[in-house]
Every structure is written in C-alpha cells, then in structure tokens.
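coords23.cif, holding mmCIF, C-alpha atoms and all ligand atoms:
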```cif
data_model
#
loop_
_atom_site.label_atom_id
_atom_site.label_comp_id
_atom_site.auth_asym_id
_atom_site.auth_seq_id
_atom_site.Cartn_x
_atom_site.Cartn_y
_atom_site.Cartn_z
CA MET A 20 18.61 -54.97 76.46
CA ARG A 21 17.38 -56.71 73.33
CA TYR A 22 14.95 -55.17 70.86
CA LEU A 23 11.26 -55.90 71.19
CA THR A 24 9.78 -56.25 67.73
CA PHE A 25 6.24 -55.29 66.71
CA ALA A 26 4.54 -56.58 63.57
CA LEU A 27 1.71 -54.46 62.21
CA GLY A 28 -0.63 -55.33 59.37
CA LYS A 29 -0.09 -52.68 56.71
CA GLY A 30 -3.76 -52.21 55.93
CA ARG A 31 -6.59 -50.43 57.70
CA LEU A 32 -5.41 -51.07 61.25
CA ALA A 33 -1.88 -49.66 61.03
CA LYS A 34 -2.65 -45.96 61.44
CA THR A 35 -4.91 -46.42 64.48
CA ALA A 36 -2.39 -48.82 66.02
CA LEU A 37 0.40 -46.26 65.62
CA ASP A 38 -1.79 -43.51 67.12
CA LEU A 39 -2.38 -45.76 70.10
CA PHE A 40 1.34 -46.39 70.57
CA GLU A 41 1.92 -42.67 70.36
CA LYS A 42 -0.50 -42.15 73.23
CA ILE A 43 1.67 -44.35 75.46
CA GLY A 44 4.87 -42.62 74.43
CA ILE A 45 6.00 -45.11 71.81
CA THR A 46 6.63 -43.17 68.65
CA CYS A 47 8.15 -44.00 65.33
CA GLU A 48 7.97 -40.93 63.13
CA GLU A 49 9.53 -42.61 60.09
CA MET A 50 6.64 -45.02 59.86
CA LYS A 51 4.17 -42.27 59.08
CA ASP A 52 5.74 -41.43 55.75
CA LYS A 53 3.17 -42.86 53.36
CA ASP A 54 5.44 -42.62 50.32
CA SER A 55 8.24 -44.57 51.94
CA ARG A 56 8.96 -48.12 50.78
CA LYS A 57 10.87 -48.86 53.96
CA LEU A 58 9.62 -51.93 55.81
CA ILE A 59 11.29 -51.79 59.20
CA PHE A 60 11.70 -48.94 61.67
CA VAL A 61 13.76 -48.66 64.82
CA ASN A 62 13.29 -46.66 67.99
CA GLU A 63 16.82 -46.85 69.43
CA GLU A 64 15.96 -45.11 72.66
CA LEU A 65 13.26 -47.59 73.65
CA LYS A 66 14.94 -50.55 71.93
CA LEU A 67 11.90 -51.22 69.80
CA LYS A 68 11.52 -52.28 66.20
CA PHE A 69 8.39 -52.04 64.10
CA PHE A 70 7.68 -53.66 60.80
CA LEU A 71 4.79 -53.63 58.39
CA ALA A 72 3.64 -56.89 56.85
CA LYS A 73 0.63 -58.23 55.01
CA GLY A 74 -2.11 -58.69 57.61
CA PRO A 75 -2.42 -62.47 57.25
CA ASP A 76 1.37 -62.82 57.71
CA VAL A 77 1.41 -61.06 61.09
CA PRO A 78 0.43 -64.19 63.11
CA THR A 79 3.14 -66.15 61.25
CA TYR A 80 5.87 -63.67 62.24
CA VAL A 81 4.63 -63.75 65.83
CA GLU A 82 4.42 -67.55 66.07
CA TYR A 83 8.01 -67.94 64.85
CA GLY A 84 9.28 -65.18 67.14
CA ALA A 85 10.37 -62.89 64.29
CA ALA A 86 8.06 -60.44 66.03
CA ASP A 87 7.35 -60.47 69.76
CA ILE A 88 4.07 -58.61 69.48
CA GLY A 89 1.57 -58.25 66.66
CA ILE A 90 -1.52 -56.20 65.98
CA VAL A 91 -4.01 -57.87 63.75
CA GLY A 92 -7.71 -58.38 63.13
CA GLU A 93 -9.41 -61.18 65.01
CA ASP A 94 -10.54 -62.60 61.65
CA THR A 95 -6.90 -63.13 60.68
CA ILE A 96 -6.12 -64.81 64.02
CA MET A 97 -9.06 -67.17 63.53
CA GLU A 98 -8.13 -67.92 59.95
CA GLU A 99 -4.40 -68.44 60.46
CA GLN A 100 -4.66 -70.72 63.53
CA ARG A 101 -1.14 -69.93 64.72
CA LYS A 102 0.32 -70.78 68.11
CA LEU A 103 0.36 -67.47 69.96
CA TYR A 104 -1.24 -65.67 72.86
CA GLU A 105 -4.13 -63.35 72.09
CA VAL A 106 -3.83 -60.89 74.95
CA LEU A 107 -5.82 -57.73 74.33
CA ASP A 108 -8.91 -56.50 72.51
CA LEU A 109 -8.04 -53.03 71.22
CA GLY A 110 -11.65 -52.12 70.53
CA PHE A 111 -11.03 -50.55 67.12
CA GLY A 112 -11.25 -52.06 63.63
CA LYS A 113 -14.71 -53.19 64.60
CA CYS A 114 -16.62 -55.09 61.97
CA ARG A 115 -18.55 -58.34 61.57
CA MET A 116 -17.92 -61.60 59.76
CA CYS A 117 -21.13 -62.39 57.94
CA VAL A 118 -22.77 -64.70 55.48
CA CYS A 119 -24.06 -62.39 52.74
CA GLY A 120 -25.83 -62.75 49.45
CA PRO A 121 -28.91 -61.71 47.54
CA ALA A 122 -32.17 -61.87 49.52
CA SER A 123 -33.10 -64.87 47.36
CA ALA A 124 -30.35 -66.93 49.01
CA LYS A 125 -32.16 -66.87 52.37
CA GLU A 126 -34.25 -69.84 51.29
CA LEU A 127 -31.17 -71.85 50.35
CA LEU A 128 -29.68 -71.29 53.80
CA LEU A 129 -32.94 -72.15 55.49
CA HIS A 130 -33.30 -75.45 53.67
CA GLN A 131 -29.65 -76.40 54.18
CA GLU A 132 -29.10 -76.69 50.44
CA GLN A 133 -25.61 -77.65 49.25
CA ILE A 134 -24.59 -74.12 48.24
CA ARG A 135 -21.29 -72.61 47.12
CA VAL A 136 -19.66 -70.14 49.51
CA ALA A 137 -16.98 -67.75 48.21
CA THR A 138 -14.61 -66.27 50.79
CA LYS A 139 -11.17 -64.98 51.67
CA TYR A 140 -11.60 -66.92 54.92
CA PRO A 141 -12.05 -70.63 54.06
CA ARG A 142 -11.30 -71.85 57.58
CA ILE A 143 -13.79 -69.52 59.25
CA ALA A 144 -16.42 -70.36 56.62
CA LYS A 145 -15.82 -74.09 56.99
CA ASP A 146 -15.98 -73.95 60.77
CA TYR A 147 -19.21 -71.96 60.63
CA PHE A 148 -21.05 -74.14 58.13
CA TYR A 149 -19.72 -77.55 59.19
CA ASN A 150 -19.34 -77.25 62.96
CA LYS A 151 -21.92 -74.66 63.92
CA LYS A 152 -24.64 -75.14 61.32
CA HIS A 153 -23.96 -78.74 60.32
CA GLN A 154 -24.52 -77.78 56.71
CA THR A 155 -22.47 -79.23 53.86
CA VAL A 156 -21.29 -76.50 51.50
CA GLU A 157 -18.64 -76.05 48.83
CA ILE A 158 -16.11 -73.43 49.82
CA ILE A 159 -14.38 -71.40 47.12
CA LYS A 160 -11.33 -69.38 48.16
CA LEU A 161 -11.01 -65.90 46.68
CA ASN A 162 -8.53 -63.13 47.43
CA GLY A 163 -10.63 -59.97 47.28
CA SER A 164 -13.74 -58.25 45.91
CA ILE A 165 -15.65 -61.19 47.33
CA GLU A 166 -19.00 -59.47 46.67
CA LEU A 167 -18.50 -60.17 42.97
CA ALA A 168 -18.98 -63.92 43.44
CA PRO A 169 -22.78 -64.06 43.89
CA ILE A 170 -23.28 -61.30 41.31
CA VAL A 171 -21.52 -63.20 38.54
CA GLY A 172 -22.80 -66.61 39.63
CA LEU A 173 -19.64 -68.09 41.10
CA SER A 174 -21.37 -68.79 44.40
CA GLU A 175 -24.76 -68.43 46.05
CA VAL A 176 -23.40 -66.66 49.14
CA ILE A 177 -20.16 -65.22 50.55
CA VAL A 178 -18.54 -65.15 53.97
CA ASP A 179 -16.90 -61.76 54.33
CA ILE A 180 -16.30 -58.75 56.52
CA VAL A 181 -19.06 -56.17 56.81
CA GLU A 182 -18.33 -52.82 58.37
CA THR A 183 -20.65 -50.06 57.16
CA GLY A 184 -22.59 -52.33 54.77
CA THR A 185 -21.92 -49.96 51.86
CA THR A 186 -20.25 -52.56 49.65
CA LEU A 187 -23.19 -54.93 50.10
CA ARG A 188 -25.78 -52.22 49.49
CA GLU A 189 -24.12 -50.94 46.36
CA ASN A 190 -24.10 -54.43 44.95
CA GLY A 191 -27.62 -55.53 45.80
CA LEU A 192 -26.53 -57.90 48.55
CA GLU A 193 -27.39 -58.14 52.23
CA VAL A 194 -26.33 -59.75 55.47
CA LEU A 195 -28.07 -63.11 55.76
CA GLU A 196 -26.41 -64.42 58.92
CA GLU A 197 -23.80 -63.12 61.35
CA VAL A 198 -20.84 -65.39 62.02
CA CYS A 199 -19.16 -63.26 64.71
CA PRO A 200 -18.19 -59.71 65.68
CA LEU A 201 -14.53 -58.74 65.11
CA SER A 202 -11.99 -56.20 66.33
CA ALA A 203 -8.24 -55.56 66.37
CA ARG A 204 -6.23 -57.67 68.80
CA VAL A 205 -2.76 -57.73 70.30
CA VAL A 206 -1.01 -61.08 69.94
CA VAL A 207 2.21 -62.11 71.64
CA ASN A 208 4.80 -64.80 70.92
CA GLN A 209 4.60 -67.53 73.55
CA VAL A 210 8.32 -67.57 74.41
CA SER A 211 8.57 -63.75 74.42
CA MET A 212 5.72 -63.63 76.90
CA ARG A 213 7.92 -65.55 79.36
CA MET A 214 11.33 -64.11 78.51
CA GLU A 215 10.27 -60.47 78.20
CA ASN A 216 7.33 -60.60 80.55
CA GLU A 217 8.07 -57.38 82.39
CA ARG A 218 8.45 -55.19 79.30
CA ILE A 219 5.50 -56.75 77.49
CA THR A 220 3.22 -56.54 80.53
CA LYS A 221 4.12 -52.86 80.93
CA ILE A 222 3.21 -52.14 77.31
CA LEU A 223 -0.09 -54.01 77.65
CA THR A 224 -0.96 -52.19 80.89
CA ASP A 225 -0.15 -48.85 79.26
CA LEU A 226 -2.27 -49.72 76.23
CA LYS A 227 -5.21 -50.73 78.42
CA SER A 228 -5.03 -47.42 80.26
CA VAL A 229 -5.57 -45.43 77.05
CA LEU A 230 -8.25 -47.56 75.42
N1 LIG B 1 -14.38 -52.69 56.21
C1 LIG B 1 -13.42 -53.54 56.53
N2 LIG B 1 -12.97 -54.40 55.62
C2 LIG B 1 -11.97 -55.25 55.88
N3 LIG B 1 -11.38 -55.35 57.10
C3 LIG B 1 -11.81 -54.53 58.05
C4 LIG B 1 -12.84 -53.60 57.82
N4 LIG B 1 -13.02 -52.91 58.97
C5 LIG B 1 -12.14 -53.40 59.84
N5 LIG B 1 -11.40 -54.39 59.32
C6 LIG B 1 -10.34 -55.13 60.01
O1 LIG B 1 -9.11 -54.64 59.46
C7 LIG B 1 -8.22 -55.72 59.17
C8 LIG B 1 -7.28 -55.31 58.08
O2 LIG B 1 -8.02 -55.10 56.92
P1 LIG B 1 -7.33 -54.72 55.56
O3 LIG B 1 -8.38 -54.79 54.50
O4 LIG B 1 -6.57 -53.50 55.72
O5 LIG B 1 -6.25 -55.86 55.41
P2 LIG B 1 -6.29 -57.25 54.68
O6 LIG B 1 -7.64 -57.89 54.86
O7 LIG B 1 -5.09 -57.95 55.11
O8 LIG B 1 -6.20 -56.69 53.21
P3 LIG B 1 -5.45 -57.13 51.92
O9 LIG B 1 -5.83 -58.55 51.69
O10 LIG B 1 -6.08 -56.16 50.96
O11 LIG B 1 -3.99 -56.88 52.18
C9 LIG B 1 -9.15 -56.89 58.87
O12 LIG B 1 -8.50 -58.11 59.10
C10 LIG B 1 -10.32 -56.65 59.80
O13 LIG B 1 -10.07 -57.24 61.06
O1 LIG B 2 -19.15 -52.86 54.92
P1 LIG B 2 -18.12 -52.00 54.23
O2 LIG B 2 -17.81 -50.78 55.01
O3 LIG B 2 -18.47 -51.72 52.82
O4 LIG B 2 -16.73 -52.82 54.24
C1 LIG B 2 -16.64 -54.17 53.85
C2 LIG B 2 -15.84 -54.36 52.62
O5 LIG B 2 -14.47 -53.97 52.84
C3 LIG B 2 -13.60 -55.08 52.65
O6 LIG B 2 -13.05 -55.12 51.39
P2 LIG B 2 -11.67 -54.37 51.06
O7 LIG B 2 -11.90 -52.93 50.91
O8 LIG B 2 -10.63 -54.79 52.08
O9 LIG B 2 -11.31 -54.95 49.65
P3 LIG B 2 -11.14 -56.47 49.16
O10 LIG B 2 -12.56 -56.88 48.80
O11 LIG B 2 -10.25 -56.37 48.00
O12 LIG B 2 -10.59 -57.29 50.29
C4 LIG B 2 -14.51 -56.28 52.84
O13 LIG B 2 -13.99 -57.44 52.20
C5 LIG B 2 -15.81 -55.82 52.24
O14 LIG B 2 -15.79 -55.96 50.85
#
```

Could you spell out this file's structure in structure tokens?
Amino acid sequence: MRYLTFALGKGRLAKTALDLFEKIGITCEEMKDKDSRKLIFVNEELKLKFFLAKGPDVPTYVEYGAADIGIVGEDTIMEEQRKLYEVLDLGFGKCRMCVCGPASAKELLLHQEQIRVATKYPRIAKDYFYNKKHQTVEIIKLNGSIELAPIVGLSEVIVDIVETGTTLRENGLEVLEEVCPLSARVVVNQVSMRMENERITKILTDLKSVL
C-alpha cells in the first residue's frame, strides 16, 4: 500500500484540522510539538504522511500530486486557481472576505470611482470589482497587515479577511461590502481521487460523520 499524503497549511487551520483527524482515529503525535522544526510526519501503521506548508502553497502541492489531500481556506483555493477537486466544507475557519475601509470610502464605492484596493488576494479582488461590480479599480498586492494601507494613504479600501472585526475596529475601519463567506475546505488531487478512491472516500465519509 502506498502512502497517502496530506498537506496542511501551517497557520490558523492546522490545529483544528489535526483535532478533526484525531476524532476519526488518524493521529500524528509528533506534529503537535510546537517547538519542532520538522516539516513532515509519518504514521507508518496507517501509511499516511502529513506535511505543513505555507497556506497558499497547499493547492500547489495538491495539484502536482505531491500531496493527495489538502486542507486549506476557501480564500486560498479561490486565489490560487489550481486544478483540484474541492470535496468537503469542514465548517471551521469561518470568516468573510470583505471590502473594508474608513466610512468615508462608502461614497467612493457608491459612485464607482477609480479607487485603489490593497489586498493579499489580487485575483479575488479583481474578480469582485471587474466581473461582479463592473468597477475599474487599481489593485495593489500586499503580503500582510493589509489594514495599514488605507490608514497611511496607500489605498482607499482593502479586500481582506474579517473574522471578529477586531482588527478593523482597532484601526478605525469598517466592512463596506461583503465579497463572500469563507471556511476551511478539503481538496483532493484529481488523479489520486481516481487511483486511491476507496481510501480517500473512506476518510471523507469519516470526516463528515464527525463534523
Ligand atoms: N481571522 C482570520 N484571519 C485570516 N485567516 C483566517 C481568519 N479566520 C479564519 N481564517 C482562515 O484561515 C486560513 C489560514 O490563515 P492564516 O492567517 O493562518 O494563514 P495565511 O493567510 O496563509 O497566513 P500567512 O500569510 O501569515 O502565512 C485563511 O486562509 C482563512 O481561510
Ligand atoms: O477580524 P479579525 O478577527 O480581527 O481577523 C482579521 C485579521 O486577521 C488576519 O490577519 P493576520 O492575523 O493573518 O495577519 P496578516 O495581516 O499579517 O495577514 C486578516 O488579514 C485580518 O487582518
């Protein structure tokens, strides 16, 4: 039997994903060691491998078959546009992709002004403004602390993830429009889905039963 390989984003979703696997009898104790720099873990008994990667790289590993199964935020799936099957909504990691800014930016959105939009998600932002709203905007790609952009005058608004709204509140910003709700998803490599259908289907069925 060959190994089935799981790719997990090493951020916020990893711990909950591992807890979920534990509930269906898939454990990997080594992975819980927070101080470890180890990147890949093996469960010999079940012939499973797990590795931690940067969230946005998870769909890449899955598309190329370096991982059979991945757990990743829906935002990352939308942004990366990889060829893979999105098979299960895990119902955790819930948040929203939103257009945010100071209250004063509402007017600019309303009048379809040519505004600047800072974001870690240029594809999602472009799709939203160009295809859904038919509004021409300038998109500026950033890599984090996106809320800074309207505060320091880099952009009028941002497209970013909102969970509790604390980051917005503490920086005098608010949600102006909602792009879409988001949650953690299971993605599967397209060839693995055929070649390892039985094992993968069993894992998915087990996961569904504990959600
Ligand atoms: N408050 C939140 N902020 C960001 N992502 C959240 C939040 N709540 C849930 N998520 C989900 O968790 C996923 C992982 O987020 P996390 O910030 O850990 O990783 P990341 O965006 O890849 O971070 P980094 O770029 O810092 O490595 C996101 O893609 C999103 O789907
Ligand atoms: O609504 P909240 O609960 O405040 O959560 C949303 C914030 O969390 C994320 O940032 P993260 O902590 O991943 O840091 P980053 O800005 O460096 O990506 C996201 O980009 C928002 O800034």

Query raised in the report: Excluding same-chain residues fewer than 3 positions from A:Phe148, what lies within 10 Å of it counting all atoms listed in the file, as an MDAnalysis selection string?
Result: chainID A and resid 118 131 136 143:145 151:158 198

Report task. Please provide as a list in words all residues within 12 Å of A:Tyr140, with the sequence filter that same-chain residues fewer than 5 positions apart are discarded (counting all atoms listed in the file). Result ->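 Once the adjacent positions are removed, what remains is Pro75, Glu93, Asp94, Thr95, Ile96, Met97, Glu98, Glu99, Gln100, Met116, Cys117, Val118, Lys145, Asp146, Tyr147, Ile158, Ile159, Lys160, Leu161, Asn162, Gly163, Ile165, Ile177, Val178, Asp179, Ile180 and Val198 of chain A.
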
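Of the residues under consideration (A:Ser55, A:Lys29, A:Glu41, A:Ala122), A:Ala122 shows the shortest atom-to-atom contact distance to A:Asn190 when counting all atoms listed in the file.
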
Using all atoms of ligand LIG 2 (chain B) that appear in the file, construct an axis-aligned enclosing box with 6 Å of padding on every side and provide its centre coordinates and edge lengths in Å, rounded to one decimal, as AutoDock Vina command-line options.
```
--center_x -14.7 --center_y -54.1 --center_z 51.5 --size_x 20.9 --size_y 18.7 --size_z 19.0
```

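Proximity of A:Leu39, A:Ala26, A:Ala124, A:Val106 to A:Leu67, computed with all atoms listed in the file, is greatest for A:Ala26.
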
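Contacts with ligand LIG 1 (chain B) are defined as any residue atom within 6 Å of a ligand atom, using all atoms listed in the file; the residues meeting this criterion are A:Gly30, A:Arg31, A:Leu32, A:Lys73, A:Gly74, A:Pro75, A:Gly92, A:Glu93, A:Asp94, A:Thr95, A:Gly112, A:Lys113, A:Cys114, A:Ile180, A:Val181, A:Glu182, A:Ser202, A:Ala203.
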
Query raised in the report: Using only C-alpha atoms, which of the listed residues (A:Val194, A:Ile45, A:Leu27, A:Val61) sits closest to A:Pro78?
Result: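 Selected residue with least distance to A:Pro78: A:Leu27.
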
Query raised in the report: Neighbours of A:Ala72 within 12 Å (all atoms listed in the file; same-chain residues fewer than 6 positions away dropped), as a list in words?
Result: Phe25, Ala26, Leu27, Gly28, Lys29, Gly30, Leu32, Ala33, Arg56, Lys57, Leu58, Ile59, Pro78, Thr79, Tyr80, Val81, Ala85, Ala86, Gly89, Ile90 and Val91 of chain A

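Distance check against ligand LIG 2 (chain B) using only C-alpha atoms and all ligand atoms: of A:Arg115, A:Asn150, A:Pro200, A:Glu132, the minimum falls on A:Arg115.
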
Report task. Select, from A:Arg188, A:Lys34, A:Lys42, A:Arg21, the residue with the minimum atom-to-atom distance to A:Val229, counting all atoms listed in the file. Result ->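 Using all atoms listed in the file, the shortest distance to A:Val229 belongs to A:Lys42.
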